[in-house]
Amino acid sequence: GSPPPPPALAAPAAPASVADGGAAARRTVLLAEDNEVNALLASTLLRRLGHAVHVAANGRQALELLETLAVDLVLMDVHMPEMDGLSATRSWRQREAARGQAPLPIIALTASTLAEDRSACESAGMDDVLTKPLDLDKLTATLRRWPAAAA
């Protein structure tokens, strides 16, 4: 056997309102992360917060999923095989600009706390940076800064 499923969170009586800054709003998140353990941790935390999660194993896969899925936010690992998070973000920003789309919030996931790495994330078009290892408090605080787009 497999472990029992985590206890379900109590569903709100009414749909989450955007009046609270979107913190409680259910979002669809694309998680681009090549490390299976990190992907499992991040997706578990996101689901615990009530969000739907799609996982991509690299930047190229993330771009393919962004073409077919409606997502509210992207958590993009910076270092991945095939196509890293910086390249994937630059590519997606070019597509958005060409189509006249509103920019999707893209949050970098990195183990680095160096200022130059943060600066590289910003230069690539990422909106925020989350450092690994992820924890629920850091994730919640970051998601609060990026309210869900109006449906």
# chains A, B, ... in the order shown; residues from 1 in each chain; ligands from 1
call {"tool": "residues_around", "arguments": {"residues": "stretch 31-48 of chain A", "least_positions_apart": "5", "cutoff": "7 Å", "atoms": "only C-alpha atoms", "output": "PyMOL selection string"}}
result
chain A and resi 53-59+62+74-77+80+134+136
call {"tool": "select_by_dssp", "arguments": {"residues": "stretch 18-59 of chain A", "states": "strand (DSSP E or B)", "output": "list in words"}}
result
Thr28, Val29, Leu30, Leu31, Ala32, Ala52, Val53, His54, Val55 and Ala56 of chain A
call {"tool": "write_last_selection", "arguments": {"atoms": "C-alpha atoms", "output": "mmCIF file, in the first residue's frame"}}
result
data_model
loop_
_atom_site.group_PDB
_atom_site.id
_atom_site.type_symbol
_atom_site.label_atom_id
_atom_site.label_comp_id
_atom_site.auth_asym_id
_atom_site.auth_seq_id
_atom_site.Cartn_x
_atom_site.Cartn_y
_atom_site.Cartn_z
ATOM 1 C CA THR A 28 -3.966 26.973 -11.757
ATOM 2 C CA VAL A 29 -0.195 26.894 -11.388
ATOM 3 C CA LEU A 30 2.373 25.575 -13.843
ATOM 4 C CA LEU A 31 5.359 24.205 -11.933
ATOM 5 C CA ALA A 32 8.517 23.795 -14.035
ATOM 6 C CA ALA A 52 -4.439 23.077 -9.210
ATOM 7 C CA VAL A 53 -0.929 22.126 -10.374
ATOM 8 C CA HIS A 54 0.541 21.032 -13.711
ATOM 9 C CA VAL A 55 4.193 19.927 -13.685
ATOM 10 C CA ALA A 56 6.757 20.356 -16.471
#
call {"tool": "residues_around", "arguments": {"residues": "A:Leu130", "least_positions_apart": "4", "cutoff": "7 Å", "atoms": "only C-alpha atoms", "output": "list in words"}}
result
Ile107, Ala108, Leu109 and Thr110 of chain A
call {"tool": "residues_around", "arguments": {"residues": "stretch 120-122 of chain A", "least_positions_apart": "4", "cutoff": "12 Å", "atoms": "only C-alpha atoms", "output": "list of chain:residue names"}}
result
A:Met76, A:Asp77, A:Val78, A:His79, A:Asp84, A:Gly85, A:Leu86, A:Ser87, A:Ala88, A:Thr89, A:Arg90, A:Arg93, A:Pro105, A:Ile106, A:Ile107, A:Ala108, A:Leu109, A:Thr110, A:Ser112, A:Thr113, A:Leu114, A:Ala115, A:Glu116, A:Met126, A:Asp127, A:Asp128, A:Val129, A:Leu130
call {"tool": "write_last_selection", "arguments": {"atoms": "N, CA, C and O atoms", "output": "short mmCIF file (atom, residue, chain, number, x, y, z; two decimals), in the first residue's frame"}}
result
data_model
loop_
_atom_site.label_atom_id
_atom_site.label_comp_id
_atom_site.auth_asym_id
_atom_site.auth_seq_id
_atom_site.Cartn_x
_atom_site.Cartn_y
_atom_site.Cartn_z
N MET A 76 8.93 28.69 -11.90
CA MET A 76 9.92 28.24 -12.88
C MET A 76 11.28 28.02 -12.23
O MET A 76 11.91 28.97 -11.77
N ASP A 77 11.70 26.76 -12.19
CA ASP A 77 13.04 26.46 -11.70
C ASP A 77 14.04 27.12 -12.65
O ASP A 77 13.84 27.13 -13.86
N VAL A 78 15.09 27.69 -12.10
CA VAL A 78 16.07 28.38 -12.93
C VAL A 78 16.97 27.38 -13.66
O VAL A 78 17.23 27.53 -14.85
N HIS A 79 17.43 26.33 -12.97
CA HIS A 79 18.36 25.37 -13.57
C HIS A 79 17.65 24.07 -13.92
O HIS A 79 17.28 23.31 -13.03
N ASP A 84 16.67 25.91 -19.73
CA ASP A 84 16.58 26.40 -18.36
C ASP A 84 15.44 27.40 -18.20
O ASP A 84 14.82 27.83 -19.18
N GLY A 85 15.16 27.75 -16.95
CA GLY A 85 14.05 28.64 -16.65
C GLY A 85 14.22 30.05 -17.20
O GLY A 85 13.23 30.69 -17.58
N LEU A 86 15.45 30.53 -17.27
CA LEU A 86 15.69 31.88 -17.81
C LEU A 86 15.36 31.92 -19.30
O LEU A 86 14.66 32.83 -19.76
N SER A 87 15.82 30.91 -20.04
CA SER A 87 15.54 30.86 -21.49
C SER A 87 14.05 30.68 -21.75
O SER A 87 13.49 31.32 -22.65
N ALA A 88 13.42 29.81 -20.98
CA ALA A 88 11.98 29.58 -21.15
C ALA A 88 11.19 30.85 -20.88
O ALA A 88 10.25 31.18 -21.60
N THR A 89 11.59 31.58 -19.85
CA THR A 89 10.89 32.83 -19.50
C THR A 89 11.06 33.86 -20.61
O THR A 89 10.09 34.50 -21.03
N ARG A 90 12.29 34.03 -21.09
CA ARG A 90 12.54 34.99 -22.19
C ARG A 90 11.69 34.64 -23.40
O ARG A 90 11.06 35.51 -24.01
N ARG A 93 8.01 35.46 -22.72
CA ARG A 93 7.79 36.92 -22.74
C ARG A 93 7.73 37.44 -24.18
O ARG A 93 6.93 38.33 -24.48
N PRO A 105 2.32 36.08 -14.41
CA PRO A 105 3.32 36.11 -13.33
C PRO A 105 4.20 34.85 -13.38
O PRO A 105 3.70 33.74 -13.38
N ILE A 106 5.50 35.07 -13.48
CA ILE A 106 6.47 33.97 -13.49
C ILE A 106 7.41 34.18 -12.31
O ILE A 106 8.07 35.21 -12.19
N ILE A 107 7.42 33.19 -11.42
CA ILE A 107 8.22 33.26 -10.21
C ILE A 107 9.36 32.25 -10.30
O ILE A 107 9.14 31.07 -10.54
N ALA A 108 10.58 32.76 -10.16
CA ALA A 108 11.77 31.90 -10.22
C ALA A 108 11.86 31.02 -8.98
O ALA A 108 11.53 31.45 -7.88
N LEU A 109 12.31 29.78 -9.18
CA LEU A 109 12.64 28.88 -8.08
C LEU A 109 14.13 28.63 -8.18
O LEU A 109 14.62 28.16 -9.20
N THR A 110 14.86 28.99 -7.13
CA THR A 110 16.30 28.81 -7.16
C THR A 110 16.85 28.55 -5.76
O THR A 110 16.28 29.02 -4.78
N SER A 112 19.79 29.55 -5.10
CA SER A 112 20.76 30.64 -4.93
C SER A 112 20.14 31.86 -4.27
O SER A 112 19.01 32.23 -4.55
N THR A 113 20.90 32.49 -3.40
CA THR A 113 20.45 33.74 -2.78
C THR A 113 21.33 34.91 -3.25
O THR A 113 21.24 36.01 -2.72
N LEU A 114 22.16 34.66 -4.26
CA LEU A 114 23.08 35.70 -4.75
C LEU A 114 22.33 36.78 -5.51
O LEU A 114 21.43 36.49 -6.31
N ALA A 115 22.73 38.03 -5.28
CA ALA A 115 22.09 39.17 -5.92
C ALA A 115 22.18 39.08 -7.44
O ALA A 115 21.23 39.41 -8.16
N GLU A 116 23.33 38.61 -7.97
CA GLU A 116 23.46 38.56 -9.43
C GLU A 116 22.53 37.51 -10.04
O GLU A 116 22.07 37.66 -11.17
N MET A 126 11.38 37.44 -15.21
CA MET A 126 10.69 36.83 -14.07
C MET A 126 10.25 37.93 -13.12
O MET A 126 10.90 38.96 -12.99
N ASP A 127 9.12 37.71 -12.46
CA ASP A 127 8.51 38.73 -11.62
C ASP A 127 8.92 38.68 -10.16
O ASP A 127 8.81 39.66 -9.44
N ASP A 128 9.34 37.51 -9.70
CA ASP A 128 9.64 37.34 -8.29
C ASP A 128 10.57 36.14 -8.17
O ASP A 128 10.75 35.39 -9.14
N VAL A 129 11.16 35.96 -6.99
CA VAL A 129 12.09 34.85 -6.77
C VAL A 129 11.74 34.16 -5.45
O VAL A 129 11.57 34.81 -4.43
N LEU A 130 11.61 32.84 -5.51
CA LEU A 130 11.41 32.01 -4.32
C LEU A 130 12.66 31.16 -4.17
O LEU A 130 13.09 30.52 -5.13
#
call {"tool": "atom_distance", "arguments": {"atom1": "atom CA of A:Pro103", "atom2": "atom CA of A:Arg145"}}
result
15.0 Å
call {"tool": "closest_residue", "arguments": {"among": "A:Glu96, A:Asp117, A:Gly125, A:Arg60", "to": "A:Pro81", "atoms": "only C-alpha atoms"}}
result
A:Arg60
call {"tool": "select_by_dssp", "arguments": {"residues": "stretch 74-112 of chain A", "states": "alpha helix (DSSP H)", "output": "VMD selection string"}}
result
chain A and resid 85 to 99
call {"tool": "write_last_selection", "arguments": {"atoms": "C-alpha atoms", "output": "mmCIF file, in the first residue's frame"}}
result
data_model
loop_
_atom_site.group_PDB
_atom_site.id
_atom_site.type_symbol
_atom_site.label_atom_id
_atom_site.label_comp_id
_atom_site.auth_asym_id
_atom_site.auth_seq_id
_atom_site.Cartn_x
_atom_site.Cartn_y
_atom_site.Cartn_z
ATOM 1 C CA GLY A 85 14.051 28.643 -16.655
ATOM 2 C CA LEU A 86 15.691 31.877 -17.812
ATOM 3 C CA SER A 87 15.541 30.857 -21.493
ATOM 4 C CA ALA A 88 11.983 29.576 -21.153
ATOM 5 C CA THR A 89 10.887 32.830 -19.505
ATOM 6 C CA ARG A 90 12.541 34.993 -22.188
ATOM 7 C CA SER A 91 10.883 32.902 -24.887
ATOM 8 C CA TRP A 92 7.448 33.134 -23.230
ATOM 9 C CA ARG A 93 7.786 36.917 -22.736
ATOM 10 C CA GLN A 94 8.515 37.290 -26.487
ATOM 11 C CA ARG A 95 5.390 35.253 -27.327
ATOM 12 C CA GLU A 96 3.244 37.352 -24.972
ATOM 13 C CA ALA A 97 4.549 40.587 -26.486
ATOM 14 C CA ALA A 98 3.987 39.340 -30.054
ATOM 15 C CA ARG A 99 0.386 38.420 -29.186
#
call {"tool": "atom_distance", "arguments": {"atom1": "atom CA of A:Arg26", "atom2": "atom CA of A:Asp72"}}
result
9.4 Å
call {"tool": "atom_distance", "arguments": {"atom1": "atom CA of A:Leu66", "atom2": "atom CA of A:Leu139"}}
result
21.2 Å
call {"tool": "decode", "arguments": {"residues": "stretch 72-116 of chain A", "atoms": "C-alpha atoms", "output": "PDB file, in the first residue's frame"}}
result
ATOM      1  CA  ASP A  72      -2.667  31.894 -13.561  1.00  0.00           C
ATOM      2  CA  LEU A  73       0.940  31.693 -12.437  1.00  0.00           C
ATOM      3  CA  VAL A  74       4.205  29.902 -13.207  1.00  0.00           C
ATOM      4  CA  LEU A  75       6.790  28.651 -10.725  1.00  0.00           C
ATOM      5  CA  MET A  76       9.916  28.242 -12.876  1.00  0.00           C
ATOM      6  CA  ASP A  77      13.045  26.459 -11.699  1.00  0.00           C
ATOM      7  CA  VAL A  78      16.074  28.384 -12.929  1.00  0.00           C
ATOM      8  CA  HIS A  79      18.362  25.370 -13.567  1.00  0.00           C
ATOM      9  CA  MET A  80      16.813  22.621 -15.709  1.00  0.00           C
ATOM     10  CA  PRO A  81      18.046  20.342 -18.513  1.00  0.00           C
ATOM     11  CA  GLU A  82      17.105  20.913 -22.194  1.00  0.00           C
ATOM     12  CA  MET A  83      15.962  24.502 -21.573  1.00  0.00           C
ATOM     13  CA  ASP A  84      16.585  26.402 -18.356  1.00  0.00           C
ATOM     14  CA  GLY A  85      14.051  28.643 -16.655  1.00  0.00           C
ATOM     15  CA  LEU A  86      15.691  31.877 -17.812  1.00  0.00           C
ATOM     16  CA  SER A  87      15.541  30.857 -21.493  1.00  0.00           C
ATOM     17  CA  ALA A  88      11.983  29.576 -21.153  1.00  0.00           C
ATOM     18  CA  THR A  89      10.887  32.830 -19.505  1.00  0.00           C
ATOM     19  CA  ARG A  90      12.541  34.993 -22.188  1.00  0.00           C
ATOM     20  CA  SER A  91      10.883  32.902 -24.887  1.00  0.00           C
ATOM     21  CA  TRP A  92       7.448  33.134 -23.230  1.00  0.00           C
ATOM     22  CA  ARG A  93       7.786  36.917 -22.736  1.00  0.00           C
ATOM     23  CA  GLN A  94       8.515  37.290 -26.487  1.00  0.00           C
ATOM     24  CA  ARG A  95       5.390  35.253 -27.327  1.00  0.00           C
ATOM     25  CA  GLU A  96       3.244  37.352 -24.972  1.00  0.00           C
ATOM     26  CA  ALA A  97       4.549  40.587 -26.486  1.00  0.00           C
ATOM     27  CA  ALA A  98       3.987  39.340 -30.054  1.00  0.00           C
ATOM     28  CA  ARG A  99       0.386  38.420 -29.186  1.00  0.00           C
ATOM     29  CA  GLY A 100      -0.315  41.499 -27.083  1.00  0.00           C
ATOM     30  CA  GLN A 101      -1.066  39.315 -24.055  1.00  0.00           C
ATOM     31  CA  ALA A 102      -0.908  40.528 -20.456  1.00  0.00           C
ATOM     32  CA  PRO A 103       2.245  39.161 -18.786  1.00  0.00           C
ATOM     33  CA  LEU A 104       1.734  35.976 -16.806  1.00  0.00           C
ATOM     34  CA  PRO A 105       3.318  36.109 -13.330  1.00  0.00           C
ATOM     35  CA  ILE A 106       6.469  33.972 -13.493  1.00  0.00           C
ATOM     36  CA  ILE A 107       8.225  33.258 -10.208  1.00  0.00           C
ATOM     37  CA  ALA A 108      11.766  31.899 -10.222  1.00  0.00           C
ATOM     38  CA  LEU A 109      12.637  28.876  -8.078  1.00  0.00           C
ATOM     39  CA  THR A 110      16.304  28.805  -7.159  1.00  0.00           C
ATOM     40  CA  ALA A 111      18.578  27.549  -4.421  1.00  0.00           C
ATOM     41  CA  SER A 112      20.756  30.636  -4.934  1.00  0.00           C
ATOM     42  CA  THR A 113      20.449  33.745  -2.777  1.00  0.00           C
ATOM     43  CA  LEU A 114      23.079  35.696  -4.749  1.00  0.00           C
ATOM     44  CA  ALA A 115      22.087  39.172  -5.923  1.00  0.00           C
ATOM     45  CA  GLU A 116      23.461  38.556  -9.434  1.00  0.00           C
TER      46      GLU A 116
END
